[in-house]
>>> print(open('run-v2.cif').read())   # mmCIF, C-alpha atoms
data_data
#
loop_
_atom_site.label_atom_id
_atom_site.label_comp_id
_atom_site.auth_asym_id
_atom_site.auth_seq_id
_atom_site.Cartn_x
_atom_site.Cartn_y
_atom_site.Cartn_z
CA MET A 20 8.33 -9.40 -6.04
CA SER A 21 5.43 -7.10 -6.67
CA HIS A 22 5.48 -4.48 -3.93
CA ALA A 23 8.00 -3.29 -1.35
CA PRO A 24 6.52 -0.47 0.77
CA ASP A 25 9.25 -0.61 3.43
CA LEU A 26 12.03 0.43 1.06
CA HIS A 27 13.53 3.92 0.95
CA TRP A 28 13.68 4.82 -2.75
CA VAL A 29 16.33 7.19 -4.11
CA LYS A 30 15.76 8.82 -7.49
CA SER A 31 18.57 8.93 -10.04
CA SER A 32 20.26 12.29 -10.43
CA PHE A 33 19.78 11.87 -14.19
CA SER A 34 15.97 11.79 -13.90
CA ASP A 35 14.21 14.80 -15.35
CA ALA A 36 12.66 17.43 -13.09
CA GLY A 37 9.12 16.75 -14.29
CA GLY A 38 9.03 13.33 -12.63
CA ASN A 39 9.22 11.42 -15.90
CA ASN A 40 11.93 8.95 -16.91
CA CYS A 41 12.84 8.27 -13.27
CA VAL A 42 14.94 5.33 -12.21
CA GLU A 43 14.89 4.66 -8.47
CA VAL A 44 17.11 2.43 -6.33
CA ALA A 45 16.56 1.11 -2.81
CA ALA A 46 18.83 -0.86 -0.48
CA MET A 47 17.42 -4.18 0.69
CA GLN A 48 18.52 -6.80 3.20
CA ARG A 49 21.97 -8.34 2.95
CA ASP A 50 23.78 -7.28 -0.21
CA LEU A 51 20.73 -6.69 -2.41
CA VAL A 52 19.32 -3.62 -4.14
CA ALA A 53 15.98 -3.07 -5.85
CA ILE A 54 15.61 -0.99 -9.02
CA ARG A 55 12.36 0.34 -10.47
CA GLU A 56 11.05 2.88 -12.94
CA SER A 57 8.67 5.41 -11.43
CA ASP A 58 6.11 4.79 -14.18
CA SER A 59 5.79 1.19 -12.99
CA PRO A 60 6.59 1.22 -9.25
CA THR A 61 5.38 -2.31 -8.55
CA ALA A 62 7.74 -3.91 -11.09
CA LEU A 63 11.06 -4.41 -9.31
CA LEU A 64 14.40 -5.71 -10.48
CA VAL A 65 16.37 -7.14 -7.54
CA THR A 66 20.10 -7.77 -7.86
CA SER A 67 23.28 -7.71 -5.81
CA ARG A 68 25.19 -4.49 -5.16
CA ALA A 69 28.18 -6.03 -6.92
CA ALA A 70 26.20 -6.81 -10.08
CA LEU A 71 24.67 -3.33 -10.15
CA GLY A 72 28.12 -1.79 -9.63
CA ALA A 73 29.53 -3.85 -12.51
CA LEU A 74 26.67 -2.75 -14.77
CA VAL A 75 27.18 0.92 -13.91
CA GLN A 76 30.91 0.59 -14.52
CA GLU A 77 30.32 -0.96 -17.96
CA LEU A 78 27.78 1.74 -18.82
CA LYS A 79 30.29 4.44 -17.89
CA LEU A 80 32.95 2.78 -20.05
CA GLY A 81 30.54 2.35 -22.94
CA ASP A 82 31.87 -1.15 -23.65
CA PHE A 83 28.97 -3.47 -24.40
CA THR A 84 30.77 -5.90 -26.70
CA SER A 85 32.58 -8.25 -24.35
CA PRO A 86 31.15 -10.31 -21.48
CA PRO A 87 32.51 -9.59 -17.99
CA ALA A 88 35.49 -11.67 -16.90
#
>>> encode(input="run-v2.cif", output="structure tokens")
Amino acid sequence: MSHAPDLHWVKSSFSDAGGNNCVEVAAMQRDLVAIRESDSPTALLVTSRAALGALVQELKLGDFTSPPA
């Protein structure tokens, strides 16, 4: 997927004010979300909401040693 102009992108609250280091997320059809970095807006990572939620949960816990159950 190279370009998705119809998506409404939301910038991460952890992005800096200067517009650098920005991660953006957009809801897609069904249960999918797209993720991109503002420096490369045509490169999208598409995943399910559940998978993104699991990743965020693991990041918050700081546990990167064991695979998800």
>>> resolve_selection(input="run-v2.cif", expression="the PyMOL selection byres ((chain A and resi 59) around 12)", output="compact mmCIF listing (two decimals) with C-alpha atoms, keeping the file's coordinate frame")
# COMPACT_ATOMS: atom_id res chain seq x y z
CA SER A 21 5.43 -7.10 -6.67
CA HIS A 22 5.48 -4.48 -3.93
CA ASN A 39 9.22 11.42 -15.90
CA ASN A 40 11.93 8.95 -16.91
CA CYS A 41 12.84 8.27 -13.27
CA VAL A 42 14.94 5.33 -12.21
CA GLU A 43 14.89 4.66 -8.47
CA ILE A 54 15.61 -0.99 -9.02
CA ARG A 55 12.36 0.34 -10.47
CA GLU A 56 11.05 2.88 -12.94
CA SER A 57 8.67 5.41 -11.43
CA ASP A 58 6.11 4.79 -14.18
CA PRO A 60 6.59 1.22 -9.25
CA THR A 61 5.38 -2.31 -8.55
CA ALA A 62 7.74 -3.91 -11.09
CA LEU A 63 11.06 -4.41 -9.31
CA LEU A 64 14.40 -5.71 -10.48
>>> residues_around(input="run-v2.cif", residues="stretch 66-68 of chain A", least_positions_apart="4", cutoff="10 Å", atoms="only C-alpha atoms", output="list in words")
Ala46, Met47, Arg49, Asp50, Leu51, Val52, Ala53, Ile54, Gly72, Ala73 and Leu74 of chain A
>>> atom_distance(input="run-v2.cif", atom1="atom CA of A:Ala45", atom2="atom CA of A:Gln76")
18.5 Å
>>> atom_distance(input="run-v2.cif", atom1="atom CA of A:Lys79", atom2="atom CA of A:Trp28")
22.5 Å
>>> build_atoms(input="run-v2.cif", residues="stretch 69-83 of chain A", atoms="N, CA and C atoms", output="compact mmCIF listing (two decimals), in the frame of the given file")
# COMPACT_ATOMS: atom_id res chain seq x y z
N ALA A 69 27.03 -5.79 -6.05
CA ALA A 69 28.18 -6.03 -6.92
C ALA A 69 27.76 -6.06 -8.39
N ALA A 70 26.66 -6.74 -8.70
CA ALA A 70 26.20 -6.81 -10.08
C ALA A 70 25.76 -5.44 -10.59
N LEU A 71 25.08 -4.67 -9.75
CA LEU A 71 24.67 -3.33 -10.15
C LEU A 71 25.90 -2.45 -10.37
N GLY A 72 26.88 -2.56 -9.48
CA GLY A 72 28.12 -1.79 -9.63
C GLY A 72 28.85 -2.13 -10.92
N ALA A 73 28.88 -3.42 -11.27
CA ALA A 73 29.53 -3.85 -12.51
C ALA A 73 28.79 -3.30 -13.72
N LEU A 74 27.46 -3.30 -13.68
CA LEU A 74 26.67 -2.75 -14.77
C LEU A 74 26.94 -1.26 -14.94
N VAL A 75 26.93 -0.52 -13.84
CA VAL A 75 27.18 0.92 -13.91
C VAL A 75 28.58 1.19 -14.46
N GLN A 76 29.55 0.41 -14.03
CA GLN A 76 30.91 0.59 -14.52
C GLN A 76 30.97 0.36 -16.04
N GLU A 77 30.34 -0.69 -16.52
CA GLU A 77 30.32 -0.96 -17.96
C GLU A 77 29.60 0.14 -18.73
N LEU A 78 28.50 0.64 -18.17
CA LEU A 78 27.78 1.74 -18.82
C LEU A 78 28.65 2.98 -18.93
N LYS A 79 29.39 3.28 -17.87
CA LYS A 79 30.29 4.44 -17.89
C LYS A 79 31.40 4.28 -18.93
N LEU A 80 31.88 3.05 -19.08
CA LEU A 80 32.95 2.78 -20.05
C LEU A 80 32.42 2.74 -21.48
N GLY A 81 31.13 2.44 -21.61
CA GLY A 81 30.54 2.35 -22.94
C GLY A 81 30.93 1.10 -23.70
N ASP A 82 31.44 0.09 -23.01
CA ASP A 82 31.87 -1.15 -23.65
C ASP A 82 30.81 -2.23 -23.46
N PHE A 83 30.05 -2.49 -24.49
CA PHE A 83 28.97 -3.47 -24.40
C PHE A 83 29.23 -4.68 -25.31
